[in-house]
>>> print(open('model33.pdb').read())   # PDB, C-alpha atoms
ATOM      1  CA  MET A  30      48.140  48.821  61.992
ATOM      2  CA  THR A  31      51.400  49.513  60.145
ATOM      3  CA  GLN A  32      52.061  45.781  59.774
ATOM      4  CA  ARG A  33      48.546  45.248  58.380
ATOM      5  CA  LEU A  34      49.000  48.035  55.826
ATOM      6  CA  THR A  35      52.337  46.532  54.792
ATOM      7  CA  ILE A  36      50.721  43.127  54.204
ATOM      8  CA  ILE A  37      47.944  44.734  52.123
ATOM      9  CA  ALA A  38      50.502  46.635  50.062
ATOM     10  CA  LEU A  39      52.525  43.480  49.387
ATOM     11  CA  ALA A  40      49.384  41.586  48.384
ATOM     12  CA  THR A  41      48.527  44.355  45.952
ATOM     13  CA  LEU A  42      51.948  44.065  44.357
ATOM     14  CA  VAL A  43      51.648  40.290  44.027
ATOM     15  CA  LEU A  44      48.196  40.486  42.456
ATOM     16  CA  ALA A  45      48.995  43.363  40.089
ATOM     17  CA  PRO A  46      48.986  42.303  36.420
ATOM     18  CA  ILE A  47      52.360  41.837  34.755
ATOM     19  CA  ALA A  48      53.001  44.526  32.162
ATOM     20  CA  VAL A  49      53.262  43.245  28.600
ATOM     21  CA  ALA A  50      54.339  44.983  25.418
ATOM     22  CA  ASP A  51      51.751  47.078  23.634
ATOM     23  CA  THR A  52      50.663  45.192  20.536
ATOM     24  CA  MET A  53      52.238  46.424  17.335
ATOM     25  CA  PRO A  54      50.121  45.707  14.265
ATOM     26  CA  TYR A  55      51.325  43.143  11.763
ATOM     27  CA  ASP A  56      52.168  45.090   8.596
ATOM     28  CA  HIS A  57      53.579  43.098   5.668
ATOM     29  CA  MET A  58      55.209  40.036   4.139
ATOM     30  CA  HIS A  59      58.221  40.517   1.917
ATOM     31  CA  LEU A  60      58.642  37.799  -0.726
ATOM     32  CA  ILE A  61      61.103  37.598  -3.594
ATOM     33  CA  ALA A  62      60.478  36.489  -7.164
ATOM     34  CA  THR A  63      62.243  36.495 -10.505
ATOM     35  CA  ASP A  64      59.277  38.447 -11.929
ATOM     36  CA  PRO A  65      57.406  40.608  -9.385
ATOM     37  CA  ASP A  66      54.682  41.523 -11.869
ATOM     38  CA  ALA A  67      53.982  37.857 -12.535
ATOM     39  CA  ALA A  68      53.991  37.188  -8.788
ATOM     40  CA  VAL A  69      51.440  39.952  -8.194
ATOM     41  CA  ALA A  70      49.214  38.496 -10.916
ATOM     42  CA  TRP A  71      49.607  34.953  -9.520
ATOM     43  CA  TYR A  72      48.686  35.914  -5.948
ATOM     44  CA  ALA A  73      45.823  38.105  -7.154
ATOM     45  CA  GLU A  74      44.353  35.224  -9.155
ATOM     46  CA  HIS A  75      45.011  32.274  -6.867
ATOM     47  CA  MET A  76      45.183  33.799  -3.359
ATOM     48  CA  ASP A  77      42.485  36.454  -3.962
ATOM     49  CA  GLY A  78      44.800  39.392  -3.289
ATOM     50  CA  GLN A  79      43.660  42.927  -4.019
ATOM     51  CA  THR A  80      45.886  44.829  -6.448
ATOM     52  CA  VAL A  81      46.925  48.343  -5.450
ATOM     53  CA  GLU A  82      48.413  51.322  -7.234
ATOM     54  CA  ALA A  83      51.916  50.741  -5.876
ATOM     55  CA  LYS A  84      53.976  48.428  -8.073
ATOM     56  CA  GLY A  85      54.989  44.966  -6.855
ATOM     57  CA  ARG A  86      52.468  44.605  -4.045
ATOM     58  CA  LEU A  87      48.987  43.402  -3.134
ATOM     59  CA  GLN A  88      46.716  43.850  -0.164
ATOM     60  CA  PHE A  89      45.119  41.119   1.960
ATOM     61  CA  GLY A  90      42.992  43.030   4.438
ATOM     62  CA  SER A  91      45.439  45.007   6.573
ATOM     63  CA  THR A  92      48.438  42.917   5.451
ATOM     64  CA  THR A  93      50.514  43.946   2.446
ATOM     65  CA  VAL A  94      52.467  41.374   0.424
ATOM     66  CA  ILE A  95      55.456  42.951  -1.320
ATOM     67  CA  PHE A  96      57.586  41.321  -4.034
ATOM     68  CA  PHE A  97      61.167  42.287  -4.867
ATOM     69  CA  LYS A  98      63.002  41.056  -7.930
ATOM     70  CA  ARG A  99      65.895  38.618  -7.607
ATOM     71  CA  ASP A 100      67.711  36.570 -10.205
ATOM     72  CA  ALA A 101      66.994  32.843 -10.275
ATOM     73  CA  GLY A 102      68.919  30.643  -7.842
ATOM     74  CA  PHE A 103      67.558  31.743  -4.467
ATOM     75  CA  GLU A 104      66.258  29.080  -2.072
ATOM     76  CA  GLY A 105      62.599  28.467  -1.211
ATOM     77  CA  SER A 106      61.030  29.097   2.172
ATOM     78  CA  GLU A 107      61.111  25.473   3.362
ATOM     79  CA  GLY A 108      64.335  24.872   5.247
ATOM     80  CA  SER A 109      64.395  28.406   6.634
ATOM     81  CA  SER A 110      63.123  29.642   9.992
ATOM     82  CA  VAL A 111      59.926  30.904   8.296
ATOM     83  CA  ASP A 112      58.694  27.651   6.812
ATOM     84  CA  HIS A 113      55.495  28.907   5.180
ATOM     85  CA  ILE A 114      52.607  31.339   5.119
ATOM     86  CA  GLY A 115      48.898  30.516   5.105
ATOM     87  CA  PHE A 116      45.760  31.683   3.300
ATOM     88  CA  SER A 117      42.194  30.675   4.162
ATOM     89  CA  PHE A 118      39.262  30.227   1.774
ATOM     90  CA  ARG A 119      35.561  29.480   2.112
ATOM     91  CA  ASP A 120      35.746  26.310  -0.011
ATOM     92  CA  LEU A 121      39.117  24.569   0.040
ATOM     93  CA  ASP A 122      38.008  21.671  -2.149
ATOM     94  CA  ALA A 123      37.001  24.077  -4.919
ATOM     95  CA  LYS A 124      40.287  25.947  -4.529
ATOM     96  CA  MET A 125      42.313  22.747  -4.759
ATOM     97  CA  LYS A 126      40.514  21.862  -7.973
ATOM     98  CA  SER A 127      41.371  25.270  -9.443
ATOM     99  CA  PHE A 128      45.017  24.942  -8.326
ATOM    100  CA  LYS A 129      45.354  21.598 -10.107
ATOM    101  CA  GLU A 130      43.693  22.919 -13.255
ATOM    102  CA  ALA A 131      46.190  25.803 -13.256
ATOM    103  CA  GLY A 132      49.144  23.391 -12.893
ATOM    104  CA  ILE A 133      50.141  24.657  -9.447
ATOM    105  CA  LYS A 134      52.482  22.411  -7.476
ATOM    106  CA  VAL A 135      50.460  20.562  -4.817
ATOM    107  CA  LEU A 136      52.517  19.325  -1.871
ATOM    108  CA  SER A 137      49.706  17.598   0.046
ATOM    109  CA  GLU A 138      45.999  16.907  -0.257
ATOM    110  CA  PRO A 139      43.423  18.425   2.147
ATOM    111  CA  ILE A 140      43.080  17.055   5.660
ATOM    112  CA  ASP A 141      39.977  17.713   7.742
ATOM    113  CA  VAL A 142      40.864  18.394  11.386
ATOM    114  CA  GLN A 143      37.967  17.275  13.576
ATOM    115  CA  GLY A 144      35.507  19.177  11.397
ATOM    116  CA  LYS A 145      37.018  22.479  12.617
ATOM    117  CA  PHE A 146      39.200  23.387   9.675
ATOM    118  CA  LYS A 147      40.854  21.877   6.606
ATOM    119  CA  PHE A 148      44.376  22.380   5.331
ATOM    120  CA  ALA A 149      46.663  21.391   2.487
ATOM    121  CA  PHE A 150      49.986  22.610   1.095
ATOM    122  CA  ILE A 151      50.993  24.055  -2.249
ATOM    123  CA  GLU A 152      54.037  25.948  -3.527
ATOM    124  CA  ASP A 153      54.100  29.140  -5.546
ATOM    125  CA  PRO A 154      56.287  29.314  -8.700
ATOM    126  CA  TRP A 155      59.104  31.052  -6.765
ATOM    127  CA  GLY A 156      59.513  28.573  -3.914
ATOM    128  CA  THR A 157      57.268  29.944  -1.175
ATOM    129  CA  LYS A 158      55.493  27.125   0.640
ATOM    130  CA  ILE A 159      51.833  27.982   1.257
ATOM    131  CA  GLU A 160      49.361  26.368   3.598
ATOM    132  CA  VAL A 161      45.901  26.700   2.070
ATOM    133  CA  MET A 162      43.072  26.354   4.553
ATOM    134  CA  GLN A 163      39.373  26.384   5.102
ATOM    135  CA  ASP A 164      39.128  28.237   8.390
ATOM    136  CA  LEU A 165      35.896  30.181   8.248
ATOM    137  CA  GLU A 166      36.811  32.168  11.366
ATOM    138  CA  THR A 167      39.817  33.759   9.626
ATOM    139  CA  LEU A 168      39.605  34.206   5.856
ATOM    140  CA  GLY A 169      42.260  35.731   3.606
ATOM    141  CA  PHE A 170      45.853  36.058   4.788
ATOM    142  CA  HIS A 171      45.822  33.652   7.710
ATOM    143  CA  HIS A 172      49.174  32.940   9.341
ATOM    144  CA  ILE A 173      52.959  32.875   9.434
ATOM    145  CA  HIS A 174      54.492  29.568  10.481
ATOM    146  CA  LEU A 175      57.881  29.726  12.185
ATOM    147  CA  LYS A 176      60.238  26.856  12.935
ATOM    148  CA  GLY A 177      62.926  26.582  15.576
ATOM    149  CA  PRO A 178      64.343  24.372  18.330
ATOM    150  CA  LYS A 179      62.380  26.083  21.133
ATOM    151  CA  PRO A 180      58.983  27.243  19.833
ATOM    152  CA  ALA A 181      57.658  28.445  23.215
ATOM    153  CA  GLU A 182      60.730  30.644  23.702
ATOM    154  CA  THR A 183      60.346  31.899  20.140
ATOM    155  CA  LEU A 184      56.796  33.058  20.856
ATOM    156  CA  ASP A 185      57.989  34.581  24.137
ATOM    157  CA  TRP A 186      60.439  36.710  22.141
ATOM    158  CA  TYR A 187      57.769  37.984  19.741
ATOM    159  CA  GLU A 188      55.338  38.667  22.570
ATOM    160  CA  ASN A 189      57.991  40.589  24.496
ATOM    161  CA  ALA A 190      58.952  42.600  21.410
ATOM    162  CA  PHE A 191      55.652  43.184  19.615
ATOM    163  CA  GLY A 192      52.910  42.226  22.054
ATOM    164  CA  GLY A 193      50.071  40.203  20.547
ATOM    165  CA  GLU A 194      47.392  37.980  22.041
ATOM    166  CA  ARG A 195      48.926  34.775  23.445
ATOM    167  CA  THR A 196      46.522  31.973  22.683
ATOM    168  CA  LYS A 197      46.175  28.574  21.007
ATOM    169  CA  PHE A 198      45.024  27.932  17.475
ATOM    170  CA  TYR A 199      41.819  25.903  17.958
ATOM    171  CA  GLY A 200      43.245  24.810  21.307
ATOM    172  CA  MET A 201      45.964  22.833  19.528
ATOM    173  CA  LEU A 202      48.963  24.989  18.670
ATOM    174  CA  ASP A 203      50.608  27.691  20.773
ATOM    175  CA  ALA A 204      50.236  30.990  18.957
ATOM    176  CA  LEU A 205      50.206  34.749  19.024
ATOM    177  CA  LYS A 206      47.524  36.717  17.242
ATOM    178  CA  TYR A 207      47.916  40.163  15.699
ATOM    179  CA  GLY A 208      44.449  41.238  14.620
ATOM    180  CA  ASN A 209      43.466  38.582  12.077
ATOM    181  CA  VAL A 210      47.011  37.306  11.551
ATOM    182  CA  TRP A 211      48.177  34.211  13.417
ATOM    183  CA  LEU A 212      51.842  33.679  14.314
ATOM    184  CA  LEU A 213      52.496  29.971  14.866
ATOM    185  CA  ALA A 214      55.723  28.284  15.979
ATOM    186  CA  GLN A 215      56.737  24.665  15.514
ATOM    187  CA  GLY A 216      59.686  22.775  16.956
ATOM    188  CA  SER A 217      62.446  21.560  14.669
ATOM    189  CA  LYS A 218      65.635  19.616  15.322
ATOM    190  CA  GLU A 219      66.962  20.264  11.813
ATOM    191  CA  PRO A 220      69.372  23.144  11.117
ATOM    192  CA  LEU A 221      67.458  26.121   9.747
ATOM    193  CA  ALA A 222      68.650  28.858   7.413
ATOM    194  CA  PRO A 223      68.125  32.572   8.125
ATOM    195  CA  THR A 224      65.378  34.117   6.027
ATOM    196  CA  LYS A 225      67.416  36.813   4.269
ATOM    197  CA  ASP A 226      67.423  36.228   0.500
ATOM    198  CA  ARG A 227      65.115  33.214   0.763
ATOM    199  CA  ALA A 228      61.699  33.147  -0.959
ATOM    200  CA  ILE A 229      60.230  34.599   2.265
ATOM    201  CA  ASP A 230      62.841  37.266   2.936
ATOM    202  CA  HIS A 231      61.351  38.972   5.969
ATOM    203  CA  LEU A 232      58.365  39.759   8.149
ATOM    204  CA  GLY A 233      57.110  43.261   8.941
ATOM    205  CA  TRP A 234      55.556  44.973  11.966
ATOM    206  CA  GLY A 235      54.235  48.508  12.174
ATOM    207  CA  VAL A 236      55.392  51.023  14.802
ATOM    208  CA  LYS A 237      53.804  54.300  15.861
ATOM    209  CA  ASP A 238      56.963  56.218  16.773
ATOM    210  CA  MET A 239      60.142  54.743  15.287
ATOM    211  CA  GLU A 240      62.559  56.579  17.566
ATOM    212  CA  ALA A 241      60.682  55.797  20.779
ATOM    213  CA  ASP A 242      59.792  52.216  19.850
ATOM    214  CA  ALA A 243      63.342  51.454  18.716
ATOM    215  CA  LYS A 244      64.639  52.669  22.071
ATOM    216  CA  VAL A 245      62.235  50.359  23.934
ATOM    217  CA  LEU A 246      63.166  47.382  21.748
ATOM    218  CA  LYS A 247      66.877  47.982  22.325
ATOM    219  CA  GLU A 248      66.271  48.111  26.079
ATOM    220  CA  LYS A 249      64.664  44.667  25.710
ATOM    221  CA  GLY A 250      67.803  43.360  24.013
ATOM    222  CA  VAL A 251      66.433  43.240  20.448
ATOM    223  CA  LYS A 252      69.276  43.237  17.915
ATOM    224  CA  PHE A 253      69.069  45.928  15.218
ATOM    225  CA  THR A 254      70.685  44.969  11.920
ATOM    226  CA  MET A 255      69.773  48.324  10.340
ATOM    227  CA  GLU A 256      69.245  51.435  12.428
ATOM    228  CA  PRO A 257      66.066  53.487  11.942
ATOM    229  CA  ARG A 258      66.194  55.726   8.893
ATOM    230  CA  PRO A 259      63.825  57.673   6.645
ATOM    231  CA  PHE A 260      62.525  55.646   3.713
ATOM    232  CA  ASN A 261      60.315  58.296   2.173
ATOM    233  CA  PRO A 262      60.656  61.565   4.129
ATOM    234  CA  LYS A 263      58.002  63.280   1.972
ATOM    235  CA  ILE A 264      55.284  61.071   3.459
ATOM    236  CA  ALA A 265      56.960  60.365   6.822
ATOM    237  CA  ILE A 266      57.790  56.682   6.276
ATOM    238  CA  ALA A 267      60.687  55.329   8.341
ATOM    239  CA  ILE A 268      62.098  51.798   8.470
ATOM    240  CA  ALA A 269      64.530  49.677  10.471
ATOM    241  CA  PHE A 270      65.501  46.003  10.561
ATOM    242  CA  VAL A 271      65.886  43.708  13.555
ATOM    243  CA  GLU A 272      66.770  40.047  13.920
ATOM    244  CA  GLY A 273      64.317  37.606  15.463
ATOM    245  CA  PRO A 274      65.021  34.133  16.849
ATOM    246  CA  ASN A 275      66.687  31.653  14.491
ATOM    247  CA  GLY A 276      67.705  34.306  11.998
ATOM    248  CA  VAL A 277      64.279  35.694  11.059
ATOM    249  CA  ARG A 278      64.700  39.055   9.372
ATOM    250  CA  ILE A 279      62.086  41.594  10.536
ATOM    251  CA  GLU A 280      61.339  45.051   9.193
ATOM    252  CA  LEU A 281      59.848  47.783  11.363
ATOM    253  CA  VAL A 282      57.783  50.356   9.474
ATOM    254  CA  GLN A 283      56.435  53.699  10.620
ATOM    255  CA  ARG A 284      53.720  54.932   8.274
ATOM    256  CA  PRO A 285      51.946  58.311   8.378
TER     257      PRO A 285
END
>>> encode(input="model33.pdb", output="structure tokens")
Amino acid sequence: MTQRLTIIALATLVLAPIAVADTMPYDHMHLIATDPDAAVAWYAEHMDGQTVEAKGRLQFGSTTVIFFKRDAGFEGSEGSSVDHIGFSFRDLDAKMKSFKEAGIKVLSEPIDVQGKFKFAFIEDPWGTKIEVMQDLETLGFHHIHLKGPKPAETLDWYENAFGGERTKFYGMLDALKYGNVWLLAQGSKEPLAPTKDRAIDHLGWGVKDMEADAKVLKEKGVKFTMEPRPFNPKIAIAIAFVEGPNGVRIELVQRP
């Protein structure tokens, strides 16, 4: 009887689900520009961003895009470990026509992928590479596209740190999903620059309890480049910075 109970107990342990990190919501993108006001106007007009009261930022659903001012001379996103970001529209052909009429730099023409979605590439005036898409399942701010030598291990790191739904984008690309935001990773044999001070400076995830969540992340071996600190104590905002694979700069934000 004892032996049978032992076998049942062991089987229960084997079949028990493996614990994964609770999903932290994706919070913001931090881009740099020589003129943040012009960048806000550009993304509002061409990427359909919603302007907000706070200066230097727009809203795309639950994702905030924030612009900080830098003098000219910083590098674009291509060549860094965050190659580009993506936005999805209902009619990509119409959008491409409007981009060309506005004199926007077009990097590639639209490609239709098996009738499932379309994509093309453009570049904003400050060097951020943008994938523009027609993916009717996910409109608005669509994805972040990482590069690195070991994409599967890169996604493992993000899943371990921030949770997320491990899946495939249309069954083709390994991905994590945070609400409506896709995190994609692509292999690269080329040397890649860290994101700090590039056109895409850093990514941002939200935390519920900065002190507790920071402790958990440290126990998982996540490297903190700036310890948690109050950002705006009056409204209980706290921030910290960590380093992701291949030099991706990541901000953690606790909002009220």
>>> atom_distance(input="model33.pdb", atom1="atom CA of A:Leu121", atom2="atom CA of A:Leu202")
21.1 Å
>>> atom_distance(input="model33.pdb", atom1="atom CA of A:Ile279", atom2="atom CA of A:Trp234")
7.5 Å
>>> resolve_selection(input="model33.pdb", expression="the PyMOL selection byres ((chain A and resi 204) around 9)", output="ChimeraX atom specification")
/A:181,184,194-198,202-203,205-206,211-214
>>> write_last_selection(input="model33.pdb", atoms="C-alpha atoms", output="PDB file, in the frame of the given file")
ATOM      1  CA  ALA A 181      57.658  28.445  23.215  1.00  0.00           C
ATOM      2  CA  LEU A 184      56.796  33.058  20.856  1.00  0.00           C
ATOM      3  CA  GLU A 194      47.392  37.980  22.041  1.00  0.00           C
ATOM      4  CA  ARG A 195      48.926  34.775  23.445  1.00  0.00           C
ATOM      5  CA  THR A 196      46.522  31.973  22.683  1.00  0.00           C
ATOM      6  CA  LYS A 197      46.175  28.574  21.007  1.00  0.00           C
ATOM      7  CA  PHE A 198      45.024  27.932  17.475  1.00  0.00           C
ATOM      8  CA  LEU A 202      48.963  24.989  18.670  1.00  0.00           C
ATOM      9  CA  ASP A 203      50.608  27.691  20.773  1.00  0.00           C
ATOM     10  CA  LEU A 205      50.206  34.749  19.024  1.00  0.00           C
ATOM     11  CA  LYS A 206      47.524  36.717  17.242  1.00  0.00           C
ATOM     12  CA  TRP A 211      48.177  34.211  13.417  1.00  0.00           C
ATOM     13  CA  LEU A 212      51.842  33.679  14.314  1.00  0.00           C
ATOM     14  CA  LEU A 213      52.496  29.971  14.866  1.00  0.00           C
ATOM     15  CA  ALA A 214      55.723  28.284  15.979  1.00  0.00           C
TER      16      ALA A 214
END
>>> resolve_selection(input="model33.pdb", expression="the PyMOL selection byres ((chain A and resi 108) around 6)", output="ChimeraX atom specification")
/A:107,109,221
>>> resolve_selection(input="model33.pdb", expression="the PyMOL selection byres ((chain A and resi 223) around 8)", output="list in words")
Ser109, Ser110, Leu221, Ala222, Thr224, Lys225, Arg227, Asn275, Gly276, Val277 and Arg278 of chain A
>>> closest_residue(input="model33.pdb", among="A:Trp155, A:Glu82, A:Val271, A:Ser127", to="A:Pro65", atoms="all atoms listed in the file")
A:Trp155
>>> closest_residue(input="model33.pdb", among="A:Pro259, A:Gly250, A:Gly235, A:Gly78", to="A:Arg284", atoms="all atoms listed in the file")
A:Gly235
>>> closest_residue(input="model33.pdb", among="A:Met125, A:Ile95, A:Ile114, A:Leu281", to="A:Thr157", atoms="only C-alpha atoms")
A:Ile114
>>> atom_distance(input="model33.pdb", atom1="atom CA of A:Ala67", atom2="atom CA of A:Arg99")
12.9 Å
